[in-house]
>>> print(open('start.txt').read())   # compact mmCIF, C-alpha atoms
# COMPACT_ATOMS: atom_id res chain seq x y z
CA MET A 1 214.63 288.64 -53.53
CA LEU A 2 214.18 292.21 -52.27
CA MET A 3 210.80 291.34 -50.76
CA LYS A 4 212.21 288.20 -49.14
CA LYS A 5 215.00 290.22 -47.50
CA GLU A 6 212.52 292.79 -46.22
CA ILE A 7 210.43 290.03 -44.65
CA ILE A 8 213.51 288.53 -42.94
CA LYS A 9 214.50 291.94 -41.56
CA LEU A 10 210.96 292.46 -40.28
CA LEU A 11 211.01 289.07 -38.54
CA ILE A 12 214.38 289.76 -36.90
CA ALA A 13 213.17 293.12 -35.52
CA GLU A 14 209.79 291.75 -34.42
CA LYS A 15 211.33 288.91 -32.48
CA GLN A 16 213.81 291.17 -30.72
CA GLN A 17 210.92 293.32 -29.48
CA GLU A 18 208.91 290.26 -28.43
CA ILE A 19 211.78 288.70 -26.48
CA GLU A 20 212.40 291.95 -24.58
CA ARG A 21 208.75 292.01 -23.43
CA ILE A 22 208.26 288.35 -22.60
CA GLU A 23 208.15 287.14 -18.99
CA LEU A 24 209.68 283.74 -18.25
CA GLN A 25 209.62 281.17 -15.52
CA GLN A 26 213.25 280.26 -15.17
CA ARG A 27 214.06 276.59 -15.72
CA ALA A 28 217.22 274.97 -14.36
CA ILE A 29 218.91 274.93 -17.74
CA GLU A 30 222.27 276.47 -18.54
CA PHE A 31 224.05 276.90 -21.85
CA ASP A 32 227.79 277.33 -22.21
CA ASP A 33 228.59 280.68 -23.78
CA ASN A 34 231.14 279.05 -26.07
CA ALA A 35 229.06 276.08 -27.25
CA SER A 36 226.38 275.63 -29.90
CA TYR A 37 223.31 273.47 -29.29
CA VAL A 38 220.58 271.49 -31.03
CA ILE A 39 217.50 271.38 -28.78
CA VAL A 40 214.87 268.78 -29.67
CA GLY A 41 211.60 267.71 -28.10
CA ILE A 42 207.85 267.67 -28.35
CA ARG A 43 205.97 270.79 -29.40
CA ARG A 44 205.21 273.24 -26.58
CA ALA A 45 207.76 271.65 -24.26
CA GLY A 46 209.58 274.98 -23.93
CA LYS A 47 212.35 274.80 -26.55
CA SER A 48 211.80 278.37 -27.73
CA TYR A 49 211.61 279.59 -24.15
CA GLN A 50 215.02 278.07 -23.48
CA MET A 51 216.34 280.27 -26.26
CA PHE A 52 214.57 283.29 -24.77
CA GLN A 53 215.99 282.43 -21.34
CA ASP A 54 219.49 282.23 -22.76
CA ILE A 55 219.10 285.63 -24.43
CA LYS A 56 217.58 287.37 -21.42
CA ARG A 57 220.20 286.00 -19.02
CA LYS A 58 222.95 287.38 -21.25
CA ILE A 59 221.23 290.77 -21.46
CA GLU A 60 220.72 290.93 -17.69
CA ALA A 61 224.39 290.02 -17.16
CA GLY A 62 225.40 292.89 -19.45
CA LYS A 63 227.07 290.55 -21.95
CA ILE A 64 224.90 291.50 -24.95
CA LYS A 65 222.12 293.79 -26.15
CA ILE A 66 218.98 292.48 -27.81
CA GLU A 67 220.29 293.79 -31.16
CA ASP A 68 223.11 291.24 -30.93
CA CYS A 69 220.63 288.39 -31.48
CA LEU A 70 219.47 287.00 -34.81
CA TYR A 71 216.34 284.96 -34.07
CA ILE A 72 214.10 283.38 -36.73
CA ASN A 73 211.13 281.06 -36.19
CA PHE A 74 210.71 278.89 -39.27
CA GLU A 75 207.09 278.14 -38.39
CA ASP A 76 206.21 281.73 -39.32
CA GLU A 77 204.09 281.57 -42.46
CA ARG A 78 206.01 284.50 -43.94
CA VAL A 79 209.05 282.26 -44.44
CA ALA A 80 207.10 279.10 -45.28
CA ASP A 81 208.62 278.95 -48.77
CA MET A 82 212.23 279.41 -47.63
CA GLN A 83 214.72 276.87 -48.96
CA ALA A 84 218.09 275.80 -47.59
CA SER A 85 219.73 277.87 -50.33
CA ASP A 86 218.06 280.98 -48.85
CA LEU A 87 219.47 280.56 -45.34
CA GLY A 88 222.51 282.64 -46.14
CA LEU A 89 220.16 285.62 -46.47
CA LEU A 90 219.72 285.61 -42.71
CA LEU A 91 223.28 286.82 -42.16
CA GLU A 92 223.07 289.23 -45.09
CA CYS A 93 219.92 290.83 -43.73
CA TYR A 94 221.31 291.08 -40.22
CA ALA A 95 224.52 292.70 -41.51
CA GLU A 96 222.45 295.32 -43.34
CA MET A 97 220.52 296.10 -40.13
CA TYR A 98 223.25 296.17 -37.48
CA ASP A 99 226.90 296.98 -37.13
CA ASN A 100 227.77 293.63 -35.54
CA PRO A 101 229.67 291.08 -37.63
CA ARG A 102 229.04 288.15 -35.25
CA PRO A 103 225.49 287.96 -33.90
CA LEU A 104 224.28 285.17 -31.67
CA ILE A 105 222.13 282.98 -33.92
CA TYR A 106 218.86 281.33 -32.82
CA LEU A 107 217.04 279.17 -35.39
CA ASP A 108 213.68 277.90 -34.14
CA GLU A 109 211.93 274.80 -35.62
CA ILE A 110 214.54 274.55 -38.34
CA GLN A 111 213.45 271.04 -39.33
CA ASN A 112 210.94 272.76 -41.61
CA ILE A 113 213.83 273.61 -43.95
CA GLU A 114 214.97 270.58 -45.91
CA GLY A 115 218.76 270.35 -45.89
CA TRP A 116 219.29 272.78 -43.00
CA GLU A 117 222.18 270.73 -41.61
CA LYS A 118 224.83 272.01 -44.04
CA PHE A 119 224.04 275.63 -43.26
CA ALA A 120 224.16 274.84 -39.53
CA ARG A 121 227.57 273.26 -39.90
CA ARG A 122 228.89 276.11 -42.03
CA ILE A 123 228.00 278.82 -39.53
CA ALA A 124 229.35 276.74 -36.65
CA ASP A 125 232.59 276.27 -38.61
CA SER A 126 232.67 280.05 -39.01
CA LYS A 127 232.72 280.28 -35.20
CA TYR A 128 229.23 281.67 -34.75
CA ARG A 129 227.53 280.64 -31.55
CA VAL A 130 224.26 278.96 -32.60
CA ILE A 131 221.23 277.43 -30.89
CA ILE A 132 218.81 275.41 -33.01
CA THR A 133 215.49 273.84 -32.07
CA GLY A 134 213.36 271.18 -33.71
CA SER A 135 210.31 269.02 -32.98
CA ASN A 136 211.53 265.92 -34.75
CA ALA A 137 213.64 263.15 -33.23
CA ARG A 138 215.28 262.57 -36.61
CA MET A 139 217.47 265.50 -35.63
CA LEU A 140 219.14 263.01 -33.27
CA SER A 141 219.89 260.61 -36.12
CA HIS A 142 223.35 259.38 -37.01
CA ASP A 143 223.19 260.99 -40.48
CA ILE A 144 222.48 264.46 -39.12
CA ALA A 145 225.07 264.08 -36.37
CA THR A 146 227.62 263.16 -39.03
CA THR A 147 226.74 266.22 -41.11
CA LEU A 148 226.99 268.51 -38.11
CA GLY A 149 230.38 266.98 -37.40
CA GLY A 150 230.36 267.30 -33.62
CA ARG A 151 229.93 271.07 -33.75
CA TYR A 152 226.77 270.98 -31.64
CA ILE A 153 225.73 269.63 -28.25
CA VAL A 154 222.34 267.90 -28.48
CA ARG A 155 219.76 268.23 -25.72
CA GLU A 156 216.29 266.74 -25.41
CA VAL A 157 213.65 268.93 -23.77
CA PHE A 158 210.61 267.62 -21.94
CA PRO A 159 207.55 269.48 -20.64
CA PHE A 160 207.68 270.75 -17.07
CA SER A 161 208.54 268.24 -14.38
CA PHE A 162 206.33 268.01 -11.31
CA ALA A 163 208.88 270.03 -9.34
CA GLU A 164 208.78 272.78 -11.99
CA TYR A 165 204.98 272.65 -11.97
CA LEU A 166 205.00 273.24 -8.22
CA THR A 167 207.36 276.19 -8.67
CA TRP A 168 204.99 277.63 -11.30
CA ASN A 169 202.25 277.40 -8.65
CA ASP A 170 204.47 279.11 -6.01
CA VAL A 171 204.82 275.96 -3.91
CA ALA A 172 208.28 275.75 -2.37
CA ILE A 173 209.63 272.27 -1.67
CA ASP A 174 212.16 272.47 1.14
CA LYS A 175 213.86 269.71 3.07
CA ASN A 176 210.97 269.13 5.47
CA TRP A 177 208.00 269.95 3.23
CA GLU A 178 206.22 266.69 4.14
CA TYR A 179 205.82 267.89 7.73
CA ASN A 180 204.11 271.12 6.70
CA PRO A 181 200.35 270.39 6.46
CA ASP A 182 199.68 273.34 4.16
CA THR A 183 202.43 272.37 1.72
CA ARG A 184 201.45 268.72 1.85
CA THR A 185 197.85 269.57 0.96
CA LYS A 186 198.91 271.80 -1.93
CA VAL A 187 201.25 269.14 -3.33
CA ALA A 188 198.52 266.50 -3.21
CA LYS A 189 196.01 268.76 -4.97
CA LEU A 190 198.46 269.81 -7.66
CA MET A 191 199.53 266.20 -8.21
CA GLU A 192 195.96 265.37 -9.22
CA THR A 193 195.98 268.04 -11.92
CA TYR A 194 199.51 267.21 -13.08
CA LEU A 195 198.67 263.50 -13.34
CA HIS A 196 195.85 264.25 -15.76
CA PHE A 197 197.12 267.29 -17.66
CA GLY A 198 200.89 266.96 -17.57
CA GLY A 199 203.61 269.52 -17.96
CA PHE A 200 202.69 271.83 -20.84
CA ALA A 201 203.14 275.21 -19.17
CA GLU A 202 201.04 276.99 -21.76
CA CYS A 203 197.86 275.32 -20.51
CA PHE A 204 198.55 275.51 -16.76
CA GLY A 205 196.29 278.52 -16.25
CA MET A 206 193.58 277.48 -18.69
CA VAL A 207 190.09 276.46 -17.58
CA ASN A 208 189.45 274.20 -20.59
CA LYS A 209 192.75 272.31 -20.62
CA ARG A 210 191.41 269.38 -22.64
CA GLU A 211 190.48 271.67 -25.55
CA TRP A 212 194.02 273.09 -25.68
CA VAL A 213 195.58 269.62 -25.47
CA ASN A 214 193.38 268.31 -28.26
CA SER A 215 194.42 271.25 -30.44
CA LEU A 216 198.09 270.43 -29.76
CA TYR A 217 197.49 266.76 -30.55
CA GLN A 218 195.87 267.66 -33.88
CA LYS A 219 198.84 269.89 -34.73
CA ILE A 220 201.30 267.08 -33.99
CA LEU A 221 199.25 264.45 -35.81
CA LEU A 222 198.24 266.44 -38.88
CA GLY A 223 201.27 268.70 -39.21
CA ASP A 224 204.25 266.81 -37.84
CA ILE A 225 203.15 263.30 -38.81
CA VAL A 226 200.54 263.16 -41.59
CA ALA A 227 201.60 266.17 -43.69
CA ARG A 228 205.36 265.84 -43.19
CA ASN A 229 205.36 262.16 -44.14
CA ASN A 230 202.76 262.44 -46.93
CA ILE A 231 200.44 259.93 -45.25
CA ARG A 232 197.32 259.29 -47.28
CA ASN A 233 195.49 257.06 -44.82
CA GLY A 234 194.96 259.50 -41.98
CA ASN A 235 192.21 257.36 -40.44
CA ALA A 236 194.60 254.44 -39.95
CA ILE A 237 197.17 256.44 -38.04
CA ARG A 238 194.45 258.11 -35.93
CA LEU A 239 193.20 254.67 -34.95
CA LEU A 240 196.73 253.50 -34.22
CA ALA A 241 197.36 256.48 -31.91
CA LYS A 242 194.14 255.72 -30.02
CA LYS A 243 194.97 252.02 -29.64
CA LEU A 244 198.45 252.82 -28.34
CA ALA A 245 196.85 254.97 -25.66
CA GLU A 246 194.47 252.19 -24.66
CA CYS A 247 197.35 249.67 -24.50
CA VAL A 248 199.85 251.93 -22.75
CA MET A 249 200.52 249.47 -19.89
CA GLN A 250 200.90 246.40 -22.09
CA PRO A 251 203.59 245.17 -24.50
CA THR A 252 202.22 245.37 -28.03
CA THR A 253 203.65 243.68 -31.09
CA GLN A 254 203.48 245.24 -34.52
CA THR A 255 201.55 242.18 -35.67
CA ARG A 256 198.83 242.78 -33.08
CA LEU A 257 198.61 246.46 -33.98
CA LEU A 258 198.38 245.53 -37.66
CA HIS A 259 195.41 243.24 -36.98
CA ILE A 260 193.65 245.94 -34.94
CA VAL A 261 194.01 248.56 -37.65
CA LYS A 262 193.07 246.18 -40.48
CA SER A 263 189.99 244.94 -38.59
CA SER A 264 188.57 248.47 -38.76
CA GLY A 265 188.60 248.33 -42.57
CA ASN A 266 191.92 250.08 -43.18
CA ALA A 267 194.05 248.49 -45.89
CA VAL A 268 197.55 248.69 -44.39
CA GLY A 269 200.56 246.39 -44.41
CA ARG A 270 203.14 245.45 -41.81
CA ASN A 271 205.69 247.92 -43.17
CA THR A 272 203.12 250.71 -43.01
CA ILE A 273 202.45 250.03 -39.35
CA ALA A 274 206.19 250.07 -38.64
CA ASP A 275 206.49 253.38 -40.51
CA PHE A 276 203.56 254.90 -38.61
CA LEU A 277 205.08 253.95 -35.26
CA GLY A 278 208.38 255.48 -36.33
CA TYR A 279 206.68 258.71 -37.43
CA MET A 280 204.89 258.99 -34.08
CA ASN A 281 208.17 258.56 -32.23
CA ASP A 282 209.91 261.03 -34.55
CA ALA A 283 207.27 263.65 -33.76
CA TYR A 284 207.75 263.11 -30.00
CA LEU A 285 204.17 261.95 -29.64
CA THR A 286 205.17 258.51 -28.33
CA PHE A 287 208.25 256.58 -27.24
CA ASP A 288 209.12 252.90 -26.83
CA ILE A 289 210.55 250.81 -24.02
CA ALA A 290 211.85 247.37 -24.96
CA ASN A 291 211.93 244.06 -23.12
CA TYR A 292 215.37 243.75 -21.54
CA ILE A 293 215.83 240.11 -22.51
CA ASP A 294 214.69 240.45 -26.14
CA SER A 295 217.08 240.39 -29.06
CA LEU A 296 217.67 243.61 -30.99
CA ALA A 297 215.25 242.49 -33.69
CA GLU A 298 212.56 241.63 -31.14
CA ARG A 299 213.04 244.94 -29.31
CA ALA A 300 212.00 246.83 -32.44
CA SER A 301 208.71 244.96 -32.82
CA ASN A 302 207.59 244.11 -29.28
CA CYS A 303 207.56 247.16 -27.02
CA LYS A 304 205.66 248.99 -24.37
CA ARG A 305 204.67 252.32 -25.89
CA TYR A 306 204.05 255.51 -23.93
CA TYR A 307 203.05 259.11 -24.61
CA PHE A 308 205.52 261.96 -24.11
CA ASP A 309 203.17 263.80 -21.78
CA ASN A 310 200.22 262.68 -19.69
CA ALA A 311 198.03 265.38 -21.18
CA LEU A 312 198.26 263.72 -24.59
CA LEU A 313 197.49 260.28 -23.17
CA ASN A 314 194.59 261.65 -21.12
CA ASN A 315 193.21 263.16 -24.33
CA PHE A 316 192.18 259.64 -25.39
CA LEU A 317 191.02 258.11 -22.12
CA VAL A 318 188.37 258.46 -19.44
CA GLU A 319 188.96 257.42 -15.81
CA ALA A 320 192.37 255.97 -16.65
CA GLU A 321 194.38 256.71 -13.51
CA PRO A 322 196.41 253.45 -13.61
CA GLN A 323 197.51 254.14 -17.19
CA LEU A 324 198.34 257.77 -16.37
CA LEU A 325 200.32 256.69 -13.33
CA GLU A 326 202.51 254.27 -15.29
CA ASN A 327 202.93 256.72 -18.16
CA ILE A 328 204.20 259.48 -15.88
CA VAL A 329 206.73 257.07 -14.35
CA ALA A 330 207.92 256.09 -17.84
CA ILE A 331 208.41 259.75 -18.79
CA ASP A 332 210.48 260.45 -15.70
CA LEU A 333 212.68 257.39 -16.20
CA VAL A 334 213.31 258.09 -19.87
CA LYS A 335 214.16 261.71 -19.10
CA ARG A 336 216.75 260.62 -16.54
CA TYR A 337 218.22 257.44 -17.97
CA ARG A 338 217.89 256.98 -21.70
CA GLU A 339 221.25 258.48 -22.62
CA SER A 340 222.30 255.40 -24.58
CA GLU A 341 221.42 251.78 -25.18
CA SER A 342 223.85 250.67 -22.48
CA ASP A 343 222.14 252.58 -19.69
CA GLY A 344 218.60 252.76 -20.97
CA VAL A 345 215.19 251.97 -19.53
CA TYR A 346 213.49 248.61 -20.14
CA PHE A 347 210.69 246.41 -18.92
CA TYR A 348 211.17 242.72 -18.09
CA ASN A 349 208.86 240.00 -19.31
CA LYS A 350 209.76 236.33 -19.00
CA GLY A 351 207.49 234.31 -16.79
CA ILE A 352 206.82 237.43 -14.74
CA GLU A 353 206.54 241.07 -15.77
CA VAL A 354 208.32 243.97 -14.11
CA ASP A 355 207.19 247.36 -15.36
CA PHE A 356 210.61 249.03 -15.48
CA TYR A 357 214.22 247.91 -15.13
CA VAL A 358 217.20 250.28 -15.30
CA PRO A 359 220.26 247.99 -15.40
CA ASN A 360 222.96 250.58 -14.74
CA GLU A 361 221.08 251.82 -11.69
CA LYS A 362 220.27 248.25 -10.57
CA MET A 363 216.73 249.56 -10.17
CA ALA A 364 213.47 247.66 -10.66
CA ILE A 365 210.07 249.36 -10.44
CA GLN A 366 206.51 248.15 -10.31
CA VAL A 367 203.69 250.66 -10.76
CA SER A 368 200.39 249.92 -9.04
CA TYR A 369 197.66 252.44 -8.33
CA SER A 370 197.07 250.68 -5.00
CA ILE A 371 198.45 247.64 -3.24
CA SER A 372 195.89 247.69 -0.43
CA ASP A 373 194.55 244.43 -1.83
CA SER A 374 196.73 241.55 -0.55
CA ILE A 375 196.60 239.70 -3.88
CA THR A 376 197.86 242.75 -5.76
CA GLN A 377 200.64 243.35 -3.26
CA GLU A 378 201.75 239.72 -3.38
CA ARG A 379 201.87 239.79 -7.19
CA GLU A 380 203.95 242.96 -7.37
CA VAL A 381 206.36 241.83 -4.66
CA ARG A 382 206.78 238.35 -6.16
CA ALA A 383 207.75 239.82 -9.54
CA LEU A 384 210.44 242.03 -8.00
CA VAL A 385 211.84 239.19 -5.91
CA LYS A 386 211.98 236.89 -8.94
CA LEU A 387 213.74 239.51 -11.07
CA ALA A 388 216.31 239.99 -8.30
CA SER A 389 217.07 236.28 -8.46
CA VAL A 390 218.09 236.68 -12.12
CA PHE A 391 219.60 240.18 -12.32
CA ASP A 392 221.29 242.53 -9.88
CA VAL A 393 218.61 244.62 -8.15
CA ALA A 394 219.82 246.97 -5.44
CA ASN A 395 216.84 249.32 -5.52
CA ALA A 396 213.36 247.74 -5.64
CA ILE A 397 210.38 250.10 -5.70
CA ILE A 398 206.60 249.93 -5.94
CA ILE A 399 205.15 253.29 -6.99
CA THR A 400 201.55 253.89 -5.92
CA ARG A 401 199.10 256.77 -6.04
CA HIS A 402 198.99 257.40 -2.29
CA GLU A 403 200.44 254.50 -0.25
CA GLU A 404 203.83 254.46 1.44
CA SER A 405 205.58 251.69 3.37
CA VAL A 406 208.55 249.33 3.39
CA ILE A 407 208.15 245.64 2.57
CA GLU A 408 210.78 243.09 3.58
CA GLN A 409 210.66 239.74 1.83
CA ASP A 410 213.24 237.01 1.17
CA GLY A 411 215.99 239.28 2.44
CA MET A 412 214.97 242.02 0.01
CA ARG A 413 213.82 245.55 0.87
CA ILE A 414 211.06 247.00 -1.32
CA ASP A 415 210.16 250.67 -0.91
CA VAL A 416 206.52 251.56 -1.53
CA ILE A 417 206.44 255.24 -2.55
CA PRO A 418 203.53 257.51 -3.59
CA ILE A 419 203.97 259.09 -7.01
CA HIS A 420 204.22 262.71 -5.82
CA LYS A 421 207.05 261.86 -3.45
CA TRP A 422 208.90 259.74 -6.02
CA LEU A 423 208.74 262.50 -8.64
CA LEU A 424 210.23 264.97 -6.16
CA ARG A 425 213.26 262.83 -5.35
CA VAL A 426 216.62 264.45 -6.01
>>> encode(input="start.txt", output="structure tokens")
Amino acid sequence: MLMKKEIIKLLIAEKQQEIERIELQQRAIEFDDNASYVIVGIRRAGKSYQMFQDIKRKIEAGKIKIEDCLYINFEDERVADMQASDLGLLLECYAEMYDNPRPLIYLDEIQNIEGWEKFARRIADSKYRVIITGSNARMLSHDIATTLGGRYIVREVFPFSFAEYLTWNDVAIDKNWEYNPDTRTKVAKLMETYLHFGGFAECFGMVNKREWVNSLYQKILLGDIVARNNIRNGNAIRLLAKKLAECVMQPTTQTRLLHIVKSSGNAVGRNTIADFLGYMNDAYLTFDIANYIDSLAERASNCKRYYFDNALLNNFLVEAEPQLLENIVAIDLVKRYRESESDGVYFYNKGIEVDFYVPNEKMAIQVSYSISDSITQEREVRALVKLASVFDVANAIIITRHEESVIEQDGMRIDVIPIHKWLLRV
């Protein structure tokens, strides 16, 4: 016990020193000083940095000193054997180090501690201000929300948006940026990199981005999926992840995925495939979009499946610009609109297919790398017009790589917008 307490004290002091030294790119994220939060999202999306940003803003405003913060990262191997019953030691150790009865508490990657929820509720009930992070979507589950009892605000974090990526590269987007040739050229060049390597800030300055992304993918697959869920057939889930990448633009049923995995010699059943898909979603590797007209049961088994960042999708594919284009649109839509089932993001497939439909926004979107070919343009326009004859569509869009125009057909306006401009909309 004495050694465990010494390790905790060492970690608290180390992290305080690290946070004081660290330089941050500010993200447009604010936390209420009187609220506690659970922050969830994919690894390396910036959850820890949001904690650091919260701490440094408070220090700069003169509200706290660094010694007022109790920060522990539960991915540190020195606390790898910590149990939920040990969490109370955190407050004991802090009290022995500092004369402050109510520190601000930051618990990073707490999902590594089984049963963490009761401790989180207890300290929130004791009126501590707490921020928790985790890389598992199960932290959004009804059971955990019930245990936390409404004491926390939950936020999902995504990797950097394109606008944030431009800021990182010192490109300012003002009202008339499109009329500035220098800015326009920079945006186009950076869009090419962002399309292929996504929004993980840690790899922005790296020369060998693919190597870093593959390392992250292996960490998510082996650590967050295979090890955490005690999966014995690692080859099967590797194959499944690859096939999902190859099929990213197409609806895929669990039955079809089962046949693909079994045909490679892996002995898996239907329930195993369903479990694997759930584990991949839980780890924020992938996410699903359902067919708007399907029943609830059908929505679970017949989905379009996307990757949470283009870098991870690009890790599997070569010369896959159409897939990357649609994936980046899916990410943006889910980030903006998937607050609940009633105002979520869907695709539409009945007779015709529309890539995305957001009912509460009355918005329908087709994604096409280019519509310079008349047959392609006619197909995309026809699908939008047909959907508008069935459901209310006030905002019809075709997102392309470079092209921009307005199409008028059957009394309907369709805006053709290049991806970089669409991502920068307010």
>>> residues_around(input="start.txt", residues="region 173-175 of chain A", least_positions_apart="2", cutoff="12 Å", atoms="all atoms listed in the file", output="short mmCIF file (atom, residue, chain, number, x, y, z; two decimals) with C-alpha atoms, in the frame of the given file")
data_model
loop_
_atom_site.label_atom_id
_atom_site.label_comp_id
_atom_site.auth_asym_id
_atom_site.auth_seq_id
_atom_site.Cartn_x
_atom_site.Cartn_y
_atom_site.Cartn_z
CA PHE A 162 206.33 268.01 -11.31
CA ALA A 163 208.88 270.03 -9.34
CA GLU A 164 208.78 272.78 -11.99
CA TYR A 165 204.98 272.65 -11.97
CA LEU A 166 205.00 273.24 -8.22
CA THR A 167 207.36 276.19 -8.67
CA TRP A 168 204.99 277.63 -11.30
CA ASN A 169 202.25 277.40 -8.65
CA ASP A 170 204.47 279.11 -6.01
CA VAL A 171 204.82 275.96 -3.91
CA TRP A 177 208.00 269.95 3.23
CA GLU A 178 206.22 266.69 4.14
CA TYR A 179 205.82 267.89 7.73
CA ASN A 180 204.11 271.12 6.70
CA ASP A 182 199.68 273.34 4.16
CA THR A 183 202.43 272.37 1.72
CA ARG A 184 201.45 268.72 1.85
CA LYS A 186 198.91 271.80 -1.93
CA VAL A 187 201.25 269.14 -3.33
CA HIS A 420 204.22 262.71 -5.82
CA LYS A 421 207.05 261.86 -3.45
CA LEU A 424 210.23 264.97 -6.16
CA ARG A 425 213.26 262.83 -5.35
CA VAL A 426 216.62 264.45 -6.01
#
>>> closest_atom_pairs(input="start.txt", of="region 366-394 of chain A", to="region 341-358 of chain A", cutoff="9 Å", atoms="only C-alpha atoms", output="CSV")
residue,atom,partner,partner_atom,distance
A:Gln366,CA,A:Asp355,CA,5.2
A:Val367,CA,A:Asp355,CA,6.7
A:Glu380,CA,A:Val354,CA,8.1
A:Arg382,CA,A:Ile352,CA,8.6
A:Ala383,CA,A:Ile352,CA,5.8
A:Leu384,CA,A:Val354,CA,6.8
A:Lys386,CA,A:Ile352,CA,7.8
A:Leu387,CA,A:Val354,CA,7.6
A:Val393,CA,A:Tyr357,CA,8.9
>>> residues_around(input="start.txt", residues="region 213-217 of chain A", least_positions_apart="4", cutoff="9 Å", atoms="all atoms listed in the file", output="number ranges by chain")
A: 43-44, 197, 200, 203, 209, 221-222, 285, 311-312, 315
>>> closest_residue(input="start.txt", among="A:Val416, A:Ala297, A:Leu324, A:Ile7", to="Ser372 (chain A)", atoms="all atoms listed in the file")
A:Val416
>>> atom_distance(input="start.txt", atom1="CA of Glu156 (chain A)", atom2="CA of Gly278 (chain A)")
17.6 Å
>>> residues_around(input="start.txt", residues="Ala320 (chain A)", least_positions_apart="6", cutoff="12 Å", atoms="all atoms listed in the file", output="number ranges by chain")
A: 195-196, 245-249, 310-311, 313-314, 326-327, 369
>>> residues_near_point(input="start.txt", point="(218.1, 274.5, -18.9)", cutoff="9 Å", atoms="all atoms listed in the file", output="ChimeraX atom specification")
/A:26-31,50,53-54,157
>>> closest_residue(input="start.txt", among="A:Leu317, A:Leu296, A:Ile144, A:Leu244", to="Leu277 (chain A)", atoms="all atoms listed in the file")
A:Leu244
>>> atom_distance(input="start.txt", atom1="CA of Glu361 (chain A)", atom2="CA of Ala330 (chain A)")
15.1 Å
>>> closest_residue(input="start.txt", among="A:Leu24, A:Val207, A:Val406, A:Ile113", to="Gly46 (chain A)", atoms="all atoms listed in the file")
A:Leu24
>>> closest_residue(input="start.txt", among="A:Met82, A:Leu239, A:Ile220, A:Ala201", to="Phe158 (chain A)", atoms="only C-alpha atoms")
A:Ala201
>>> closest_residue(input="start.txt", among="A:Gln111, A:Gln377, A:Ser295, A:Gln16", to="Ile407 (chain A)", atoms="all atoms listed in the file")
A:Gln377
